[in-house]
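Chemist: To start, I am sharing the structure in question, which I have written as structure tokens.
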Amino acid sequence: MGEHQQTEPGEPVPAAIGVVGAGTMGVGVAQCFAEAGHPVVVVDPVPDALESGPDRLRDGIRMARLLRRRDGAAPPTAPLARAGDATDAVTWSAELSALAAAHFVVECAPEKEPLKAKILRELDEVCGPAAIFASCTSCVPVTRLGSFTERPDRMIGTHFMNPAPLKDTVEVVRAPATADATLRRTVALLEGIGKRSLVVGDAPGFVTNRVLMLTLNEAATVLGEGTADAETVDRVFQDCFGHPMGPLHTADLIGLDTVLDSLLVLLDHTGDERFRPCPLLARLVAEGSTGRKAGGGFYPYPKLQRVSQGETRHG
Ligand code: NAD
């Protein structure tokens with residue numbers, strides 16, 4: 001990344017993107033920007049995540065191209081000529097200081113408020129004053145995230161769906177303190193990578209997860225109480241309601257740890273007991289059965305299926 005500079009939409013220099021967290025969302029978000037020609041730096045302090053990041057990025061690029069071709073869909077943006085071009089556009093680091101020159105940082109760290117607070121405070125020191133901080137948080141109010149920085153006017157929520165490269169809409173969360181220019185620049189950047197923005201107000205869980213997390217928790221409760229087995233719970237949603245994927249499969253795709261953490265954030269911010277995670281969900285997470293990424297959650301996942309991003313859902 002070059003010197004710090006402010007990039008307006010339409011300027012020829014593609015904005016330098018920082019991504020914090022090389023997990024499910026971080027690698028997907030990095031892919032979206034890299035495929036559209038942005039230089040991207042991904043930061044993750046966990047050695048395993050950093051080491052496996054490039055392979056997961058390559059798999060994601062291959063899978064997205066395969067699925068777009070299969071579906072006859074045009075790529076969201078003018079694609080780079082080779083998968084290698086997009087992987088070359090991404091560099092990896094264990095240090096947040098590697099984001100010093102980023103114009104736009106997408107925070108994709110685990111859904112734990114104290115961790116996000118620590119990261120944002122450090123980013124505030126490291127990044128130039130014009131840099132925009134976007135968070136991929138599922139549930140933490142953007143106002144709260146902005147309060148950890150000296151730039152609440154440059155704080156915004158960009159709630160990408162999962163898998164990010166295959167989902168064309170982003171829930172953009174505008175807090176009262178978010179400046180008009182921050183919203184404009186964010187929407188323009190997202191448009192440049194082929195994403196539509198749905199702008200919503202700031203609240204715990206926004207629109208998506210205020211509703212979805214309750215449903216996932218209740219689906220796990222129904223399963224735990226023995227009302228139906230997992231397949232039947234999911235089939236009810238698919239066959240009776242026409243949903244493309246049932247809630248238990250969706251929870252496995254999101255990651256049961258992320259679902260649990262999201263429910264705890266919602267419980268904390270709303271005080272509403274309906275968000276207390278059900279015992280079955282808590283038990284699976286404690287056992288390490290965190291869903292597709294771990295090889296098992298409500299369902300088992302053979303390795304091949306884990307890598308596949310063919311089944312798509314949000315989170
Ligand atoms: P994940 O567990 O797959 O990845 C989190 C990554 O953050 C891991 O690689 C971990 O090593 C890394 N990390 C841990 N501590 C860190 C630190 N101090 N600095 C930087 N990185 C650190 O989680 P995820 O599913 O990618 O979720 C990331 C965020 O996106 C969460 O806020 C989550 O709620 C949100 N989100 C998740 C989904 C989904 O479907 N999984 C969808 C939308 C939004």
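Ordering of the structure tokens sets the chain letters (A, B, ...); residue numbers start at 1 within each chain; ligands are numbered from 1 in the order shown.
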Residues up to 7 Å from ligand 1, counting only C-alpha atoms and all ligand atoms: could you list those as a VMD selection string?

Modeler: chain A and resid 20 to 26 43 to 46 49 108 to 111 115 119 136 to 139 159 to 162 253 to 255 258 262 314 to 315

Chemist: For the selection you just gave me, I'd like the residues written to a file as a PDB file, in the first residue's frame, keeping C-alpha atoms.

Modeler:
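For reference, again-v3.pdb as written:
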```pdb
ATOM      1  CA  VAL A  20      -9.066  -7.457  10.318  1.00  0.00           C
ATOM      2  CA  GLY A  21      -9.613 -11.183  10.900  1.00  0.00           C
ATOM      3  CA  ALA A  22      -8.834 -13.965   8.426  1.00  0.00           C
ATOM      4  CA  GLY A  23     -11.824 -16.151   9.274  1.00  0.00           C
ATOM      5  CA  THR A  24     -14.952 -17.019   7.313  1.00  0.00           C
ATOM      6  CA  MET A  25     -15.950 -13.403   6.677  1.00  0.00           C
ATOM      7  CA  GLY A  26     -12.504 -11.788   6.552  1.00  0.00           C
ATOM      8  CA  VAL A  43      -4.447  -9.005   9.538  1.00  0.00           C
ATOM      9  CA  ASP A  44      -4.902 -11.926  11.927  1.00  0.00           C
ATOM     10  CA  PRO A  45      -2.741 -12.613  14.985  1.00  0.00           C
ATOM     11  CA  VAL A  46      -3.625 -16.325  15.088  1.00  0.00           C
ATOM     12  CA  ALA A  49      -5.647 -18.511  10.490  1.00  0.00           C
ATOM     13  CA  CYS A 108     -14.126  -9.044  10.721  1.00  0.00           C
ATOM     14  CA  ALA A 109     -12.892 -10.228  14.146  1.00  0.00           C
ATOM     15  CA  PRO A 110     -14.949 -12.573  16.365  1.00  0.00           C
ATOM     16  CA  GLU A 111     -18.299 -11.293  17.631  1.00  0.00           C
ATOM     17  CA  LEU A 115     -12.139  -7.689  21.384  1.00  0.00           C
ATOM     18  CA  ILE A 119      -8.942  -3.620  17.827  1.00  0.00           C
ATOM     19  CA  CYS A 136     -18.844  -6.685   9.699  1.00  0.00           C
ATOM     20  CA  THR A 137     -20.338  -7.203  13.153  1.00  0.00           C
ATOM     21  CA  SER A 138     -23.515  -9.268  13.273  1.00  0.00           C
ATOM     22  CA  CYS A 139     -25.074  -7.514  16.241  1.00  0.00           C
ATOM     23  CA  HIS A 159     -22.791  -6.466   7.367  1.00  0.00           C
ATOM     24  CA  PHE A 160     -21.726  -8.684   4.477  1.00  0.00           C
ATOM     25  CA  MET A 161     -23.668 -11.906   4.035  1.00  0.00           C
ATOM     26  CA  ASN A 162     -21.991 -15.310   4.026  1.00  0.00           C
ATOM     27  CA  LEU A 253     -22.935 -22.265   7.941  1.00  0.00           C
ATOM     28  CA  ILE A 254     -22.646 -19.103  10.049  1.00  0.00           C
ATOM     29  CA  GLY A 255     -20.712 -20.951  12.785  1.00  0.00           C
ATOM     30  CA  THR A 258     -20.723 -16.828  16.064  1.00  0.00           C
ATOM     31  CA  SER A 262     -24.364 -12.890  18.601  1.00  0.00           C
ATOM     32  CA  HIS A 314     -26.396 -14.995   5.412  1.00  0.00           C
ATOM     33  CA  GLY A 315     -25.447 -14.553   9.036  1.00  0.00           C
TER      34      GLY A 315
END
```

Chemist: Just list the residues in segment 137-191 of chain A DSSP gives alpha helix (DSSP H) on the backbone, as a list of chain:residue names.

Modeler: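 The alpha helix (DSSP H) subset of segment 137-191 of chain A is A:Val142, A:Thr143, A:Arg144, A:Leu145, A:Gly146, A:Ser147, A:Asp180, A:Ala181, A:Thr182, A:Leu183, A:Arg184, A:Arg185, A:Thr186, A:Val187, A:Ala188, A:Leu189, A:Leu190, A:Glu191.
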
Chemist: Go ahead and save the residues from that selection, with N, CA, C and O atoms, as a PDB file, in the first residue's frame.

Modeler:
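What follows is the written file again13.pdb:
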```pdb
ATOM      1  N   VAL A 142     -23.434   0.007  15.941  1.00  0.00           N
ATOM      2  CA  VAL A 142     -22.323   0.767  15.357  1.00  0.00           C
ATOM      3  C   VAL A 142     -21.981   1.977  16.233  1.00  0.00           C
ATOM      4  O   VAL A 142     -20.824   2.382  16.334  1.00  0.00           O
ATOM      5  N   THR A 143     -22.975   2.523  16.903  1.00  0.00           N
ATOM      6  CA  THR A 143     -22.719   3.640  17.825  1.00  0.00           C
ATOM      7  C   THR A 143     -21.731   3.208  18.904  1.00  0.00           C
ATOM      8  O   THR A 143     -20.810   3.938  19.262  1.00  0.00           O
ATOM      9  N   ARG A 144     -21.910   1.995  19.411  1.00  0.00           N
ATOM     10  CA  ARG A 144     -21.009   1.494  20.447  1.00  0.00           C
ATOM     11  C   ARG A 144     -19.602   1.335  19.866  1.00  0.00           C
ATOM     12  O   ARG A 144     -18.619   1.723  20.482  1.00  0.00           O
ATOM     13  N   LEU A 145     -19.518   0.779  18.664  1.00  0.00           N
ATOM     14  CA  LEU A 145     -18.203   0.575  18.047  1.00  0.00           C
ATOM     15  C   LEU A 145     -17.515   1.921  17.814  1.00  0.00           C
ATOM     16  O   LEU A 145     -16.327   2.083  18.089  1.00  0.00           O
ATOM     17  N   GLY A 146     -18.277   2.904  17.345  1.00  0.00           N
ATOM     18  CA  GLY A 146     -17.712   4.231  17.094  1.00  0.00           C
ATOM     19  C   GLY A 146     -17.191   4.876  18.364  1.00  0.00           C
ATOM     20  O   GLY A 146     -16.219   5.644  18.339  1.00  0.00           O
ATOM     21  N   SER A 147     -17.811   4.531  19.499  1.00  0.00           N
ATOM     22  CA  SER A 147     -17.407   5.142  20.776  1.00  0.00           C
ATOM     23  C   SER A 147     -16.012   4.680  21.206  1.00  0.00           C
ATOM     24  O   SER A 147     -15.403   5.290  22.076  1.00  0.00           O
ATOM     25  N   ASP A 180     -22.455  11.810   6.421  1.00  0.00           N
ATOM     26  CA  ASP A 180     -22.988  11.580   5.068  1.00  0.00           C
ATOM     27  C   ASP A 180     -21.882  11.099   4.136  1.00  0.00           C
ATOM     28  O   ASP A 180     -22.079  10.198   3.330  1.00  0.00           O
ATOM     29  N   ALA A 181     -20.707  11.732   4.237  1.00  0.00           N
ATOM     30  CA  ALA A 181     -19.599  11.391   3.330  1.00  0.00           C
ATOM     31  C   ALA A 181     -19.157   9.943   3.550  1.00  0.00           C
ATOM     32  O   ALA A 181     -18.797   9.246   2.596  1.00  0.00           O
ATOM     33  N   THR A 182     -19.189   9.493   4.793  1.00  0.00           N
ATOM     34  CA  THR A 182     -18.801   8.101   5.095  1.00  0.00           C
ATOM     35  C   THR A 182     -19.786   7.139   4.441  1.00  0.00           C
ATOM     36  O   THR A 182     -19.386   6.136   3.828  1.00  0.00           O
ATOM     37  N   LEU A 183     -21.063   7.453   4.561  1.00  0.00           N
ATOM     38  CA  LEU A 183     -22.081   6.584   3.950  1.00  0.00           C
ATOM     39  C   LEU A 183     -21.926   6.577   2.430  1.00  0.00           C
ATOM     40  O   LEU A 183     -21.921   5.508   1.801  1.00  0.00           O
ATOM     41  N   ARG A 184     -21.752   7.776   1.852  1.00  0.00           N
ATOM     42  CA  ARG A 184     -21.619   7.872   0.384  1.00  0.00           C
ATOM     43  C   ARG A 184     -20.426   7.069  -0.107  1.00  0.00           C
ATOM     44  O   ARG A 184     -20.508   6.303  -1.062  1.00  0.00           O
ATOM     45  N   ARG A 185     -19.297   7.258   0.571  1.00  0.00           N
ATOM     46  CA  ARG A 185     -18.072   6.585   0.120  1.00  0.00           C
ATOM     47  C   ARG A 185     -18.208   5.067   0.271  1.00  0.00           C
ATOM     48  O   ARG A 185     -17.761   4.297  -0.573  1.00  0.00           O
ATOM     49  N   THR A 186     -18.845   4.641   1.348  1.00  0.00           N
ATOM     50  CA  THR A 186     -19.019   3.198   1.586  1.00  0.00           C
ATOM     51  C   THR A 186     -19.918   2.579   0.518  1.00  0.00           C
ATOM     52  O   THR A 186     -19.586   1.538  -0.068  1.00  0.00           O
ATOM     53  N   VAL A 187     -21.031   3.234   0.253  1.00  0.00           N
ATOM     54  CA  VAL A 187     -21.967   2.707  -0.749  1.00  0.00           C
ATOM     55  C   VAL A 187     -21.294   2.653  -2.125  1.00  0.00           C
ATOM     56  O   VAL A 187     -21.453   1.685  -2.878  1.00  0.00           O
ATOM     57  N   ALA A 188     -20.486   3.698  -2.435  1.00  0.00           N
ATOM     58  CA  ALA A 188     -19.790   3.729  -3.737  1.00  0.00           C
ATOM     59  C   ALA A 188     -18.750   2.610  -3.827  1.00  0.00           C
ATOM     60  O   ALA A 188     -18.635   1.935  -4.855  1.00  0.00           O
ATOM     61  N   LEU A 189     -18.029   2.409  -2.735  1.00  0.00           N
ATOM     62  CA  LEU A 189     -17.029   1.329  -2.729  1.00  0.00           C
ATOM     63  C   LEU A 189     -17.711  -0.030  -2.921  1.00  0.00           C
ATOM     64  O   LEU A 189     -17.237  -0.880  -3.687  1.00  0.00           O
ATOM     65  N   LEU A 190     -18.812  -0.222  -2.229  1.00  0.00           N
ATOM     66  CA  LEU A 190     -19.531  -1.500  -2.340  1.00  0.00           C
ATOM     67  C   LEU A 190     -20.074  -1.675  -3.761  1.00  0.00           C
ATOM     68  O   LEU A 190     -19.995  -2.763  -4.333  1.00  0.00           O
ATOM     69  N   GLU A 191     -20.594  -0.605  -4.316  1.00  0.00           N
ATOM     70  CA  GLU A 191     -21.095  -0.674  -5.689  1.00  0.00           C
ATOM     71  C   GLU A 191     -19.962  -1.082  -6.634  1.00  0.00           C
ATOM     72  O   GLU A 191     -20.151  -1.882  -7.549  1.00  0.00           O
TER      73      GLU A 191
END
```

Chemist: Nearest residue to Thr178 of chain A out of A:Glu218, A:Ile132, A:Val211, A:Pro244, using only C-alpha atoms?

Modeler: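 Looking only at the distances to Thr178 of chain A, the closest residue turns out to be A:Ile132.
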
Chemist: Out of A:Thr169, A:Ser135, A:Ser93, A:Asn209, which residue has the shortest atom-to-atom distance to Arg154 of chain A when counting only C-alpha atoms?

Modeler: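 Residue with the minimum atom-to-atom distance to Arg154 of chain A: A:Ser135.
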
Chemist: Please measure the separation of atom CA of Val126 of chain A and atom CA of Arg151 of chain A, giving the value in Å to one decimal.

Modeler: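 Between these atoms lies a distance of 12.8 Å.
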
Chemist: As an exercise, work out the distance from atom CA of Thr215 of chain A to atom CA of Val233 of chain A in Å and give it to one decimal place.

Modeler: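 Computing it gives 11.6 Å between the two atoms.
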
Chemist: To one decimal place, how far is atom CA of Phe275 of chain A from atom CA of Val207 of chain A in Å?

Modeler: 14.8 Å

Chemist: Point out the residue among A:Ala86, A:Met213, A:Val236, A:Leu263 with the least atom-to-atom distance to Asp59 of chain A, counting only C-alpha atoms.

Modeler: A:Ala86

Chemist: Would you list, as a count of residues only, the residues of segment 42-254 of chain A that end up in strand (DSSP E or B) under DSSP run on this structure's backbone?

Modeler: 31

Chemist: If we count only C-alpha atoms, what is near segment 282-288 of chain A at a cut-off of 7 Å, once residues fewer than 2 positions away on the same chain are taken out, given as an mmCIF file with C-alpha atoms, in the first residue's frame?

Modeler:
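Printed below is out_21.cif as written:
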```cif
data_model
loop_
_atom_site.group_PDB
_atom_site.id
_atom_site.type_symbol
_atom_site.label_atom_id
_atom_site.label_comp_id
_atom_site.auth_asym_id
_atom_site.auth_seq_id
_atom_site.Cartn_x
_atom_site.Cartn_y
_atom_site.Cartn_z
ATOM 1 C CA LEU A 256 -22.392 -21.932 16.055
ATOM 2 C CA ASP A 257 -19.799 -19.946 18.044
ATOM 3 C CA LEU A 260 -23.845 -17.993 20.358
ATOM 4 C CA PRO A 277 -28.701 -19.063 24.044
ATOM 5 C CA CYS A 278 -30.497 -22.412 24.410
ATOM 6 C CA PRO A 279 -28.651 -25.256 26.207
ATOM 7 C CA LEU A 280 -28.097 -27.372 23.089
ATOM 8 C CA THR A 290 -19.094 -25.084 15.832
ATOM 9 C CA GLY A 297 -22.486 -28.851 14.298
#
```

Chemist: Could you pull the residues within 12 Å of Asp55 of chain A, counting only C-alpha atoms, minus those fewer than 3 positions along the same chain, as number ranges by chain?

Modeler: A: 22, 27, 31, 48-52, 58-62, 83-84, 87, 90, 307

Chemist: With C-alpha atoms retained, could you export that selection as a PDB file, in the first residue's frame?

Modeler:
```pdb
ATOM      1  CA  ALA A  22      -8.834 -13.965   8.426  1.00  0.00           C
ATOM      2  CA  VAL A  27     -11.256 -14.025   3.743  1.00  0.00           C
ATOM      3  CA  GLN A  31     -11.781 -11.828  -1.980  1.00  0.00           C
ATOM      4  CA  ASP A  48      -3.219 -21.037  11.946  1.00  0.00           C
ATOM      5  CA  ALA A  49      -5.647 -18.511  10.490  1.00  0.00           C
ATOM      6  CA  LEU A  50      -2.839 -16.573   8.832  1.00  0.00           C
ATOM      7  CA  GLU A  51      -1.215 -19.709   7.396  1.00  0.00           C
ATOM      8  CA  SER A  52      -4.414 -21.181   5.992  1.00  0.00           C
ATOM      9  CA  ARG A  58      -7.713 -19.486  -3.533  1.00  0.00           C
ATOM     10  CA  ASP A  59     -10.489 -22.027  -2.828  1.00  0.00           C
ATOM     11  CA  GLY A  60     -12.996 -19.199  -2.519  1.00  0.00           C
ATOM     12  CA  ILE A  61     -11.956 -17.639  -5.826  1.00  0.00           C
ATOM     13  CA  ARG A  62     -12.132 -20.986  -7.617  1.00  0.00           C
ATOM     14  CA  ALA A  83      -7.281 -16.239 -10.035  1.00  0.00           C
ATOM     15  CA  GLY A  84      -3.607 -15.511  -9.374  1.00  0.00           C
ATOM     16  CA  THR A  87      -4.506 -13.702  -4.726  1.00  0.00           C
ATOM     17  CA  VAL A  90      -3.815  -9.741  -1.009  1.00  0.00           C
ATOM     18  CA  VAL A 307     -14.771 -26.239   1.551  1.00  0.00           C
TER      19      VAL A 307
END
```

Chemist: Between A:Val41, A:Val140, A:Met63, A:Ala134, which is the closest to Pro114 of chain A once you count only C-alpha atoms?

Modeler: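 Smallest distance to Pro114 of chain A is found for A:Val140.
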
Chemist: Considering only C-alpha atoms, return as an NGL selection string whatever protein or nucleic-acid residues lie within 10 Å of segment 192-200 of chain A, sequence-local ones (same chain, fewer than 6 positions apart) excluded.

Modeler: :A and (9-10 or 14 or 32-38 or 75-79 or 157-160 or 164-175 or 183 or 186 or 206-208)

Chemist: Kindly export the residues of the current selection with C-alpha atoms, as a PDB file, in the first residue's frame.

Modeler:
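In the end it all went to again30.pdb:
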```pdb
ATOM      1  CA  PRO A   9     -15.420   7.404  -5.877  1.00  0.00           C
ATOM      2  CA  GLY A  10     -14.434   7.706  -9.507  1.00  0.00           C
ATOM      3  CA  PRO A  14      -8.419   1.850  -6.173  1.00  0.00           C
ATOM      4  CA  CYS A  32     -14.578  -9.401  -2.930  1.00  0.00           C
ATOM      5  CA  PHE A  33     -12.234  -6.410  -2.917  1.00  0.00           C
ATOM      6  CA  ALA A  34      -9.239  -8.210  -4.457  1.00  0.00           C
ATOM      7  CA  GLU A  35     -11.307  -9.571  -7.360  1.00  0.00           C
ATOM      8  CA  ALA A  36     -12.400  -6.006  -8.118  1.00  0.00           C
ATOM      9  CA  GLY A  37      -8.789  -4.835  -8.293  1.00  0.00           C
ATOM     10  CA  HIS A  38      -8.221  -3.326  -4.819  1.00  0.00           C
ATOM     11  CA  PRO A  75     -19.263 -11.682 -12.399  1.00  0.00           C
ATOM     12  CA  PRO A  76     -20.242  -8.682 -10.231  1.00  0.00           C
ATOM     13  CA  THR A  77     -17.368  -6.600 -11.548  1.00  0.00           C
ATOM     14  CA  ALA A  78     -14.887  -6.742 -14.398  1.00  0.00           C
ATOM     15  CA  PRO A  79     -12.974  -9.812 -13.226  1.00  0.00           C
ATOM     16  CA  GLY A 157     -21.549  -1.141   9.656  1.00  0.00           C
ATOM     17  CA  THR A 158     -21.017  -3.249   6.533  1.00  0.00           C
ATOM     18  CA  HIS A 159     -22.791  -6.466   7.367  1.00  0.00           C
ATOM     19  CA  PHE A 160     -21.726  -8.684   4.477  1.00  0.00           C
ATOM     20  CA  ALA A 164     -19.477 -12.739   0.956  1.00  0.00           C
ATOM     21  CA  PRO A 165     -18.300 -13.317  -2.647  1.00  0.00           C
ATOM     22  CA  LEU A 166     -21.596 -14.957  -3.612  1.00  0.00           C
ATOM     23  CA  LYS A 167     -24.073 -12.627  -1.942  1.00  0.00           C
ATOM     24  CA  ASP A 168     -24.773  -9.388  -3.734  1.00  0.00           C
ATOM     25  CA  THR A 169     -26.417  -7.360  -0.969  1.00  0.00           C
ATOM     26  CA  VAL A 170     -24.818  -5.806   2.111  1.00  0.00           C
ATOM     27  CA  GLU A 171     -26.798  -4.543   5.114  1.00  0.00           C
ATOM     28  CA  VAL A 172     -25.171  -1.144   5.616  1.00  0.00           C
ATOM     29  CA  VAL A 173     -25.690   0.196   9.127  1.00  0.00           C
ATOM     30  CA  ARG A 174     -25.700   3.925   9.576  1.00  0.00           C
ATOM     31  CA  ALA A 175     -25.356   5.196  13.145  1.00  0.00           C
ATOM     32  CA  LEU A 183     -22.081   6.584   3.950  1.00  0.00           C
ATOM     33  CA  THR A 186     -19.019   3.198   1.586  1.00  0.00           C
ATOM     34  CA  PHE A 206     -29.889  -4.300  13.012  1.00  0.00           C
ATOM     35  CA  VAL A 207     -32.702  -5.819  10.910  1.00  0.00           C
ATOM     36  CA  THR A 208     -31.198  -9.155   9.841  1.00  0.00           C
TER      37      THR A 208
END
```

Chemist: Can you list, as a ChimeraX atom specification, every protein, DNA or RNA residue that comes within 6 Å of Val19 of chain A when you count only C-alpha atoms, leaving out same-chain residues fewer than 6 positions away?

Modeler: /A:42,105-107

Chemist: Rank A:Thr270, A:Thr149, A:Gln238, A:Thr221 by their smallest atom-to-atom distance to Ala117 of chain A, using only C-alpha atoms, and report the top residue only.

Modeler: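 Among A:Thr270, A:Thr149, A:Gln238, A:Thr221, it is A:Thr149 that comes nearest to Ala117 of chain A.
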